[in-house]
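Structure below is final.cif: mmCIF, C-alpha atoms.
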```
data_target
#
loop_
_atom_site.label_atom_id
_atom_site.label_comp_id
_atom_site.auth_asym_id
_atom_site.auth_seq_id
_atom_site.Cartn_x
_atom_site.Cartn_y
_atom_site.Cartn_z
CA MET A 1 -39.16 234.43 270.19
CA LEU A 2 -41.23 231.65 268.60
CA ARG A 3 -38.22 229.33 268.42
CA HIS A 4 -36.74 230.29 271.79
CA PRO A 5 -37.08 227.46 274.37
CA GLY A 6 -37.64 229.96 277.17
CA PHE A 7 -41.17 230.93 276.08
CA SER A 8 -44.24 228.87 277.01
CA SER A 9 -47.47 228.31 275.07
CA ASP A 10 -49.30 226.94 278.13
CA GLN A 11 -52.27 229.23 278.71
CA TYR A 12 -52.84 227.74 282.15
CA LYS A 13 -49.57 229.03 283.58
CA PRO A 14 -49.99 232.00 285.96
CA GLY A 15 -49.33 235.28 284.18
CA PHE A 16 -50.00 233.98 280.67
CA PRO A 17 -51.41 236.76 278.42
CA VAL A 18 -54.77 235.18 277.59
CA LEU A 19 -56.31 236.97 274.59
CA ASN A 20 -59.67 235.20 274.50
CA PRO A 21 -61.67 232.91 276.82
CA ILE A 22 -60.32 229.39 277.26
CA PRO A 23 -61.81 226.31 279.01
CA GLN A 24 -61.82 226.95 282.75
CA LYS A 25 -60.29 223.56 283.53
CA ARG A 26 -57.11 222.25 281.98
CA GLU A 27 -58.67 218.80 281.59
CA ASP A 28 -61.31 220.29 279.28
CA ALA A 29 -58.43 221.18 276.92
CA SER A 30 -56.75 217.79 277.23
CA GLY A 31 -55.97 217.47 273.51
CA LEU A 32 -55.46 221.13 272.58
CA PHE A 33 -51.74 220.68 271.99
CA ILE A 34 -51.24 224.22 270.65
CA PHE A 35 -51.47 225.26 274.33
CA MET A 36 -48.84 222.77 275.49
CA ASP A 37 -45.06 222.69 275.80
CA GLY A 38 -42.35 220.07 275.50
CA ASP A 39 -43.20 216.37 275.56
CA ALA A 40 -46.94 216.97 276.02
CA HIS A 41 -47.03 219.01 272.82
CA SER A 42 -44.81 216.57 270.90
CA ARG A 43 -46.93 213.58 271.92
CA PHE A 44 -50.04 214.86 270.15
CA ARG A 45 -48.25 216.47 267.23
CA ARG A 46 -46.49 213.19 266.35
CA MET A 47 -49.87 211.49 266.01
CA LEU A 48 -50.88 213.92 263.27
CA THR A 49 -47.65 214.70 261.42
CA ALA A 50 -47.98 211.94 258.82
CA GLU A 51 -51.61 212.85 258.09
CA PHE A 52 -50.65 216.34 256.96
CA MET A 53 -47.46 215.55 255.08
CA ILE A 54 -47.32 217.07 251.59
CA LYS A 55 -47.42 213.66 249.89
CA ASN A 56 -50.65 212.78 251.69
CA ILE A 57 -52.24 216.15 250.90
CA ARG A 58 -51.39 215.65 247.22
CA ARG A 59 -53.31 212.40 247.40
CA ILE A 60 -56.50 214.21 248.37
CA GLU A 61 -56.12 217.11 245.93
CA PRO A 62 -58.69 215.51 243.56
CA LEU A 63 -61.18 215.59 246.44
CA ILE A 64 -60.38 219.26 247.14
CA GLU A 65 -60.81 220.08 243.45
CA GLU A 66 -64.13 218.24 243.34
CA THR A 67 -65.30 220.15 246.43
CA VAL A 68 -64.23 223.48 244.91
CA VAL A 69 -65.96 222.79 241.58
CA GLU A 70 -69.17 221.67 243.29
CA ALA A 71 -69.30 224.86 245.37
CA LEU A 72 -68.63 227.08 242.36
CA GLU A 73 -71.22 225.37 240.17
CA ARG A 74 -73.77 225.58 242.97
CA MET A 75 -73.06 229.31 243.25
CA ARG A 76 -73.38 229.71 239.48
CA ALA A 77 -76.73 227.88 239.49
CA MET A 78 -78.07 230.28 242.13
CA GLY A 79 -77.19 233.17 239.84
CA PRO A 80 -75.72 236.57 240.63
CA PRO A 81 -75.36 238.36 242.89
CA ALA A 82 -73.87 235.96 245.43
CA ASP A 83 -71.96 236.12 248.69
CA LEU A 84 -68.61 234.50 247.92
CA MET A 85 -67.94 233.98 251.64
CA SER A 86 -71.04 231.93 252.45
CA GLU A 87 -71.37 230.22 249.06
CA PHE A 88 -67.73 229.37 248.41
CA ALA A 89 -65.03 230.44 250.88
CA LEU A 90 -66.64 228.75 253.88
CA PRO A 91 -68.06 225.55 252.33
CA VAL A 92 -64.78 224.48 250.67
CA PRO A 93 -62.62 224.09 253.80
CA SER A 94 -65.62 222.91 255.84
CA MET A 95 -66.38 220.07 253.44
CA THR A 96 -62.69 219.17 253.18
CA ILE A 97 -62.02 218.98 256.92
CA CYS A 98 -65.27 217.05 257.44
CA HIS A 99 -64.13 214.49 254.89
CA LEU A 100 -60.66 214.19 256.43
CA LEU A 101 -61.96 213.79 259.97
CA GLY A 102 -64.99 211.69 259.08
CA ILE A 103 -67.60 214.12 260.43
CA PRO A 104 -70.86 214.26 258.44
CA TYR A 105 -71.05 217.50 256.45
CA SER A 106 -74.74 217.60 257.31
CA GLU A 107 -73.56 218.94 260.70
CA HIS A 108 -71.72 221.90 259.16
CA ASP A 109 -74.20 224.57 260.27
CA PHE A 110 -73.97 223.24 263.83
CA PHE A 111 -70.18 223.28 264.08
CA GLN A 112 -69.75 226.50 262.10
CA ASN A 113 -72.09 228.39 264.42
CA HIS A 114 -70.33 227.11 267.54
CA SER A 115 -66.91 227.68 266.00
CA ARG A 116 -67.80 231.32 265.43
CA VAL A 117 -68.56 231.69 269.15
CA ILE A 118 -65.27 230.04 270.15
CA MET A 119 -63.32 232.34 267.82
CA ASP A 120 -65.18 235.51 268.87
CA ARG A 121 -63.16 237.69 271.24
CA ASN A 122 -66.39 239.36 272.37
CA ALA A 123 -67.86 236.07 273.58
CA GLY A 124 -67.93 235.59 277.34
CA PRO A 125 -66.50 232.54 279.15
CA ALA A 126 -69.96 231.02 279.62
CA GLU A 127 -70.73 231.29 275.90
CA VAL A 128 -67.40 229.75 274.97
CA GLU A 129 -67.87 226.92 277.49
CA ALA A 130 -71.32 226.17 276.06
CA ALA A 131 -70.01 226.15 272.48
CA LEU A 132 -67.10 223.89 273.43
CA GLY A 133 -69.47 221.54 275.21
CA ALA A 134 -71.81 221.36 272.22
CA LEU A 135 -68.96 220.57 269.82
CA ALA A 136 -67.53 218.01 272.22
CA GLY A 137 -70.90 216.28 272.32
CA LEU A 138 -71.09 216.08 268.53
CA ILE A 139 -67.53 214.78 268.16
CA GLY A 140 -68.02 212.27 270.98
CA LYS A 141 -70.99 210.77 269.13
CA VAL A 142 -68.97 210.54 265.90
CA ILE A 143 -66.09 208.82 267.73
CA GLU A 144 -68.45 206.28 269.26
CA TYR A 145 -69.82 205.53 265.80
CA LYS A 146 -66.29 205.08 264.44
CA ARG A 147 -65.56 202.47 267.11
CA ASN A 148 -68.29 200.27 265.72
CA ALA A 149 -68.17 201.23 262.04
CA PRO A 150 -64.67 202.49 261.12
CA GLU A 151 -64.19 204.19 257.77
CA GLU A 152 -61.30 205.65 255.78
CA ASP A 153 -60.87 208.84 257.80
CA LEU A 154 -58.63 210.35 260.47
CA LEU A 155 -60.97 209.78 263.43
CA SER A 156 -61.39 206.10 262.54
CA ARG A 157 -57.61 205.66 262.33
CA LEU A 158 -56.98 207.43 265.63
CA VAL A 159 -59.66 205.38 267.39
CA ALA A 160 -58.25 202.09 266.06
CA GLU A 161 -54.54 202.91 266.32
CA ARG A 162 -54.37 205.17 269.38
CA VAL A 163 -57.52 204.95 271.54
CA VAL A 164 -58.11 201.20 271.48
CA PRO A 165 -54.47 200.36 272.41
CA GLY A 166 -54.67 202.90 275.27
CA GLU A 167 -52.19 205.44 273.91
CA LEU A 168 -54.84 208.16 273.64
CA ARG A 169 -57.82 208.79 275.90
CA GLU A 170 -61.17 209.45 274.28
CA ASP A 171 -61.51 212.87 275.91
CA GLU A 172 -58.10 213.78 274.46
CA LEU A 173 -59.25 212.69 271.02
CA VAL A 174 -62.42 214.78 271.37
CA SER A 175 -60.53 218.01 272.07
CA LEU A 176 -57.87 217.14 269.47
CA ALA A 177 -60.58 216.68 266.83
CA MET A 178 -62.28 219.89 267.96
CA LEU A 179 -59.03 221.80 267.42
CA LEU A 180 -58.62 220.40 263.90
CA LEU A 181 -62.27 221.03 263.05
CA VAL A 182 -62.33 224.67 264.18
CA ALA A 183 -58.85 225.62 262.96
CA GLY A 184 -59.26 223.60 259.78
CA HIS A 185 -62.10 225.65 258.37
CA GLU A 186 -62.15 229.11 260.00
CA THR A 187 -58.63 230.14 259.02
CA THR A 188 -58.74 228.84 255.45
CA ALA A 189 -62.23 230.22 254.80
CA ASN A 190 -61.11 233.69 255.84
CA MET A 191 -57.95 233.40 253.74
CA ILE A 192 -59.91 232.35 250.63
CA GLY A 193 -62.24 235.33 251.02
CA LEU A 194 -59.45 237.86 251.56
CA SER A 195 -57.45 236.40 248.67
CA ALA A 196 -60.40 236.52 246.28
CA LEU A 197 -61.02 240.17 247.13
CA ALA A 198 -57.33 241.02 246.74
CA LEU A 199 -57.33 239.50 243.26
CA LEU A 200 -60.61 241.17 242.31
CA GLU A 201 -59.06 244.49 243.32
CA HIS A 202 -56.00 243.64 241.19
CA PRO A 203 -57.72 242.30 238.04
CA GLU A 204 -54.44 242.13 236.12
CA GLN A 205 -53.25 239.51 238.63
CA LEU A 206 -56.49 237.57 238.29
CA ASP A 207 -56.09 237.62 234.51
CA ALA A 208 -52.50 236.41 234.86
CA LEU A 209 -53.63 233.50 237.05
CA ARG A 210 -56.38 232.64 234.57
CA ALA A 211 -53.85 232.57 231.72
CA ASP A 212 -51.21 230.64 233.68
CA PRO A 213 -52.35 228.53 236.68
CA GLY A 214 -48.68 227.75 237.27
CA LEU A 215 -48.42 231.17 238.92
CA ALA A 216 -50.68 229.99 241.75
CA PRO A 217 -48.08 228.64 244.23
CA GLY A 218 -46.09 231.89 244.29
CA MET A 219 -49.28 233.95 244.36
CA VAL A 220 -50.53 231.96 247.35
CA GLU A 221 -47.36 232.74 249.33
CA GLU A 222 -47.73 236.46 248.69
CA LEU A 223 -51.43 236.34 249.59
CA LEU A 224 -50.59 234.57 252.86
CA ARG A 225 -48.09 237.32 253.64
CA PHE A 226 -50.28 240.18 252.50
CA GLY A 227 -53.52 239.03 254.12
CA THR A 228 -52.36 237.28 257.30
CA VAL A 229 -55.52 236.22 259.15
CA VAL A 230 -54.01 235.60 262.61
CA ARG A 231 -53.99 239.26 263.63
CA THR A 232 -54.38 238.85 267.38
CA GLY A 233 -50.90 237.34 267.40
CA LEU A 234 -49.47 234.34 269.21
CA PRO A 235 -49.27 234.82 273.01
CA ARG A 236 -46.34 233.44 275.00
CA LEU A 237 -45.10 233.57 278.60
CA ALA A 238 -41.40 234.16 279.33
CA MET A 239 -40.10 231.38 281.58
CA GLN A 240 -36.67 233.02 281.85
CA ASP A 241 -34.99 236.31 281.04
CA ALA A 242 -34.34 236.59 277.32
CA GLU A 243 -33.21 239.25 274.88
CA ILE A 244 -35.19 239.31 271.63
CA GLY A 245 -34.27 241.82 268.94
CA GLY A 246 -32.42 243.95 271.46
CA GLN A 247 -35.38 243.99 273.87
CA LEU A 248 -34.94 242.45 277.30
CA ILE A 249 -37.94 240.35 278.30
CA ARG A 250 -38.09 239.36 281.96
CA GLU A 251 -39.16 236.01 283.37
CA GLY A 252 -42.90 236.06 284.04
CA GLU A 253 -43.73 238.67 281.42
CA GLY A 254 -46.36 237.97 278.79
CA VAL A 255 -45.54 238.72 275.16
CA VAL A 256 -47.43 238.50 271.87
CA ALA A 257 -45.83 237.66 268.50
CA MET A 258 -47.70 239.76 265.94
CA LEU A 259 -47.47 237.68 262.77
CA SER A 260 -49.28 240.25 260.63
CA MET A 261 -46.76 242.93 261.61
CA ALA A 262 -43.82 240.60 260.96
CA ASN A 263 -45.21 240.03 257.47
CA ARG A 264 -45.05 243.79 256.80
CA ASP A 265 -41.46 244.12 258.05
CA ALA A 266 -39.61 246.38 255.61
CA SER A 267 -36.27 244.86 256.62
CA VAL A 268 -37.45 241.53 255.21
CA PHE A 269 -39.98 242.46 252.50
CA HIS A 270 -39.31 245.23 249.98
CA ASP A 271 -42.20 247.72 249.89
CA PRO A 272 -44.26 245.48 252.22
CA GLU A 273 -47.56 247.37 251.79
CA LEU A 274 -47.56 246.45 248.09
CA PHE A 275 -49.35 243.29 246.91
CA ASP A 276 -46.76 241.75 244.58
CA PRO A 277 -47.30 238.10 243.51
CA ALA A 278 -43.86 238.17 241.84
CA ARG A 279 -42.19 238.90 245.17
CA ARG A 280 -39.20 236.56 245.55
CA GLU A 281 -39.05 236.75 249.33
CA ALA A 282 -42.78 236.07 249.89
CA HIS A 283 -42.03 232.53 251.12
CA ARG A 284 -40.36 234.04 254.20
CA HIS A 285 -43.75 235.03 255.61
CA MET A 286 -44.87 233.86 259.05
CA ALA A 287 -48.58 233.39 258.35
CA PHE A 288 -48.37 229.86 259.77
CA GLY A 289 -46.25 230.81 262.75
CA PHE A 290 -42.76 229.47 263.31
CA GLY A 291 -40.84 226.91 265.33
CA LEU A 292 -42.25 223.88 267.12
CA HIS A 293 -45.79 225.27 267.03
CA GLN A 294 -45.83 226.11 263.32
CA CYS A 295 -49.24 225.19 261.89
CA ILE A 296 -49.34 221.46 261.18
CA GLY A 297 -52.09 221.90 258.57
CA GLN A 298 -50.25 224.34 256.32
CA PRO A 299 -49.85 221.91 253.38
CA LEU A 300 -53.63 221.42 253.38
CA ALA A 301 -54.32 225.16 253.64
CA ARG A 302 -51.95 225.92 250.75
CA ALA A 303 -53.56 223.25 248.56
CA GLU A 304 -57.10 224.48 249.29
CA LEU A 305 -56.17 228.09 248.63
CA ARG A 306 -54.32 227.31 245.40
CA ILE A 307 -57.05 225.10 243.95
CA ALA A 308 -59.84 227.46 245.04
CA LEU A 309 -58.27 230.50 243.38
CA VAL A 310 -57.31 228.71 240.16
CA GLU A 311 -60.83 227.31 239.68
CA LEU A 312 -62.49 230.60 240.65
CA ALA A 313 -60.45 232.44 238.01
CA ARG A 314 -61.03 229.79 235.36
CA ARG A 315 -64.76 229.25 235.83
CA PHE A 316 -65.75 232.88 236.35
CA PRO A 317 -63.84 234.94 233.77
CA ASP A 318 -66.12 237.94 234.25
CA LEU A 319 -66.32 237.82 238.06
CA ARG A 320 -66.45 241.24 239.72
CA SER A 321 -66.71 242.46 243.27
CA GLU A 322 -69.69 244.52 244.41
CA THR A 323 -67.65 245.98 247.27
CA THR A 324 -64.16 247.15 248.18
CA LEU A 325 -61.71 246.26 250.91
CA ALA A 326 -62.36 249.67 252.46
CA THR A 327 -66.14 249.22 252.71
CA VAL A 328 -66.77 245.47 253.05
CA PRO A 329 -67.87 244.30 256.54
CA LYS A 330 -64.95 242.76 258.42
CA ARG A 331 -64.61 240.42 261.39
CA HIS A 332 -62.21 242.51 263.47
CA LEU A 333 -63.18 240.91 266.77
CA ALA A 334 -62.50 237.32 265.77
CA VAL A 335 -59.34 235.38 266.58
CA THR A 336 -58.80 235.05 262.82
CA PHE A 337 -59.49 238.16 260.76
CA GLY A 338 -61.81 237.86 257.79
CA LEU A 339 -64.66 239.33 255.79
CA GLY A 340 -68.22 239.33 257.04
CA GLU A 341 -69.39 238.92 253.43
CA LEU A 342 -68.09 239.31 249.88
CA PRO A 343 -70.84 240.20 247.39
CA VAL A 344 -69.90 239.37 243.80
CA SER A 345 -71.52 239.33 240.36
CA TRP A 346 -70.62 237.94 236.96
#
```

Written form, structure tokens:
Amino acid sequence: MLRHPGFSSDQYKPGFPVLNPIPQKREDASGLFIFMDGDAHSRFRRMLTAEFMIKNIRRIEPLIEETVVEALERMRAMGPPADLMSEFALPVPSMTICHLLGIPYSEHDFFQNHSRVIMDRNAGPAEVEAALGALAGLIGKVIEYKRNAPEEDLLSRLVAERVVPGELREDELVSLAMLLLVAGHETTANMIGLSALALLEHPEQLDALRADPGLAPGMVEELLRFGTVVRTGLPRLAMQDAEIGGQLIREGEGVVAMLSMANRDASVFHDPELFDPARREAHRHMAFGFGLHQCIGQPLARAELRIALVELARRFPDLRSETTLATVPKRHLAVTFGLGELPVSW
């Protein structure tokens, strides 16, 4: 379904299965290309493709490692017990995306709080509109600063190379940056937390990673499959009759691709409920979606997750969880699933 040309991602089309509040006016989502089809989607995606290529992410891996180490040493200095979510899982992707975009990290509390509202399925339209407006105001100020004092960051490059020549409107850049900011830290933070807990509940795997960091890439793929954070699924609208997996879907019907269920498909993954870092087929997961709308930031997410877990295992050899997956508070009503907290000691 995700690669079929007859399904639309445009949430403003009549009949679209909207899962959470969206901006009331299409123009308020002018750069949110994940909700666009065809040429409109391709136009924005092309502007960002090079930024998130694997070779460019490898270039910033030293920065990611530095960010990870700083967060871990700060947590160590505070002493146990600590909340791994607030002290480590959230700061690492937040600091990284701030650096990439050129947004001062001093604003992290502001954008994290508003991001939580935007990603909360319990939030009403008015709350979401207010949060979107607040973030747009912050990003607009940063963009204006970049016009006059460009730096080595993504927003500066887009202002100079796209906005100034007239290829990209400033309001489009604001919503484009908002998408990257929110998606760039919420999803990865939740994945780091879930992955850390999974490894703490499988200490033999944590020991193996500590002994051989080369296991990390394969382990990351299995963690992405096992702990898929996009559990509300990807909504689409059928623009024509189509048969998917033997099921006839009629034009005008709304459908949802449940990525987390696909990643537990026994016809693809042997014993799918088992966490198995040695799983050969783990790379076939759909944690980042599929097709034209597959997550553009996946090389960055993989790098952050890999480096975070390797350094966590190496620097905290006696780390232990003070909770379990069954009892830890969870964020069930968020667009991306995650842990409310993760108390640990060492």

Starting from the PyMOL selection byres ((chain A and resi 94) around 12), expand the selection into actual residues of this file and give them as a compact mmCIF listing (two decimals) with C-alpha atoms, in the coordinates of the input.
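Once written, out37.txt looks like this:
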```
# COMPACT_ATOMS: atom_id res chain seq x y z
CA ILE A 64 -60.38 219.26 247.14
CA THR A 67 -65.30 220.15 246.43
CA VAL A 68 -64.23 223.48 244.91
CA ALA A 71 -69.30 224.86 245.37
CA SER A 86 -71.04 231.93 252.45
CA GLU A 87 -71.37 230.22 249.06
CA PHE A 88 -67.73 229.37 248.41
CA ALA A 89 -65.03 230.44 250.88
CA LEU A 90 -66.64 228.75 253.88
CA PRO A 91 -68.06 225.55 252.33
CA VAL A 92 -64.78 224.48 250.67
CA PRO A 93 -62.62 224.09 253.80
CA MET A 95 -66.38 220.07 253.44
CA THR A 96 -62.69 219.17 253.18
CA ILE A 97 -62.02 218.98 256.92
CA CYS A 98 -65.27 217.05 257.44
CA HIS A 99 -64.13 214.49 254.89
CA LEU A 100 -60.66 214.19 256.43
CA LEU A 101 -61.96 213.79 259.97
CA GLY A 102 -64.99 211.69 259.08
CA ILE A 103 -67.60 214.12 260.43
CA PRO A 104 -70.86 214.26 258.44
CA TYR A 105 -71.05 217.50 256.45
CA SER A 106 -74.74 217.60 257.31
CA GLU A 107 -73.56 218.94 260.70
CA HIS A 108 -71.72 221.90 259.16
CA ASP A 109 -74.20 224.57 260.27
CA PHE A 110 -73.97 223.24 263.83
CA PHE A 111 -70.18 223.28 264.08
CA GLN A 112 -69.75 226.50 262.10
CA SER A 115 -66.91 227.68 266.00
CA LEU A 180 -58.62 220.40 263.90
CA LEU A 181 -62.27 221.03 263.05
CA VAL A 182 -62.33 224.67 264.18
CA ALA A 183 -58.85 225.62 262.96
CA GLY A 184 -59.26 223.60 259.78
CA HIS A 185 -62.10 225.65 258.37
CA GLU A 186 -62.15 229.11 260.00
CA THR A 187 -58.63 230.14 259.02
CA THR A 188 -58.74 228.84 255.45
CA ALA A 189 -62.23 230.22 254.80
CA ASN A 190 -61.11 233.69 255.84
CA ALA A 301 -54.32 225.16 253.64
CA GLU A 304 -57.10 224.48 249.29
```

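Restricting the calculation to all atoms listed in the file, the smallest distance between Pro343 in chain A and any of A:Leu32, A:Ile244, A:Leu84, A:Met261 is found for A:Leu84.
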
*Could you check which of A:Arg157, A:Lys13, A:His285, A:His4 is closest to Glu253 in chain A, using all atoms listed in the file?*
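Ranked by minimum distance to Glu253 in chain A, first place goes to A:Lys13.
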
*Decode the PyMOL selection byres ((chain A and resi 120) around 10) for the given file into explicit residues and return them as a PyMOL selection string.*
chain A and resi 20-21+114-119+121-124+127-128+331-336

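The residue that comes closest to Val69 in chain A, out of A:Asp318, A:Glu311, A:Asp207, A:Glu170 and on the basis of all atoms listed in the file, is A:Glu311.
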
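Between Gly338 in chain A and the candidates A:Leu197, A:Gly245, A:Ala211, A:His41, the tightest atom-to-atom separation, counting only C-alpha atoms, involves A:Leu197.
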
_Selection under test: the PyMOL selection byres ((chain A and resi 195) around 10); residues as a list of chain:residue names_ =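 Those residues are A:Ala89, A:Ala189, A:Asn190, A:Met191, A:Ile192, A:Gly193, A:Leu194, A:Ala196, A:Leu197, A:Ala198, A:Leu199, A:Leu200, A:Glu201, A:Met219, A:Val220, A:Glu222, A:Leu223, A:Leu224, A:Phe226, A:Gly227, A:Leu305, A:Ala308, A:Leu309.
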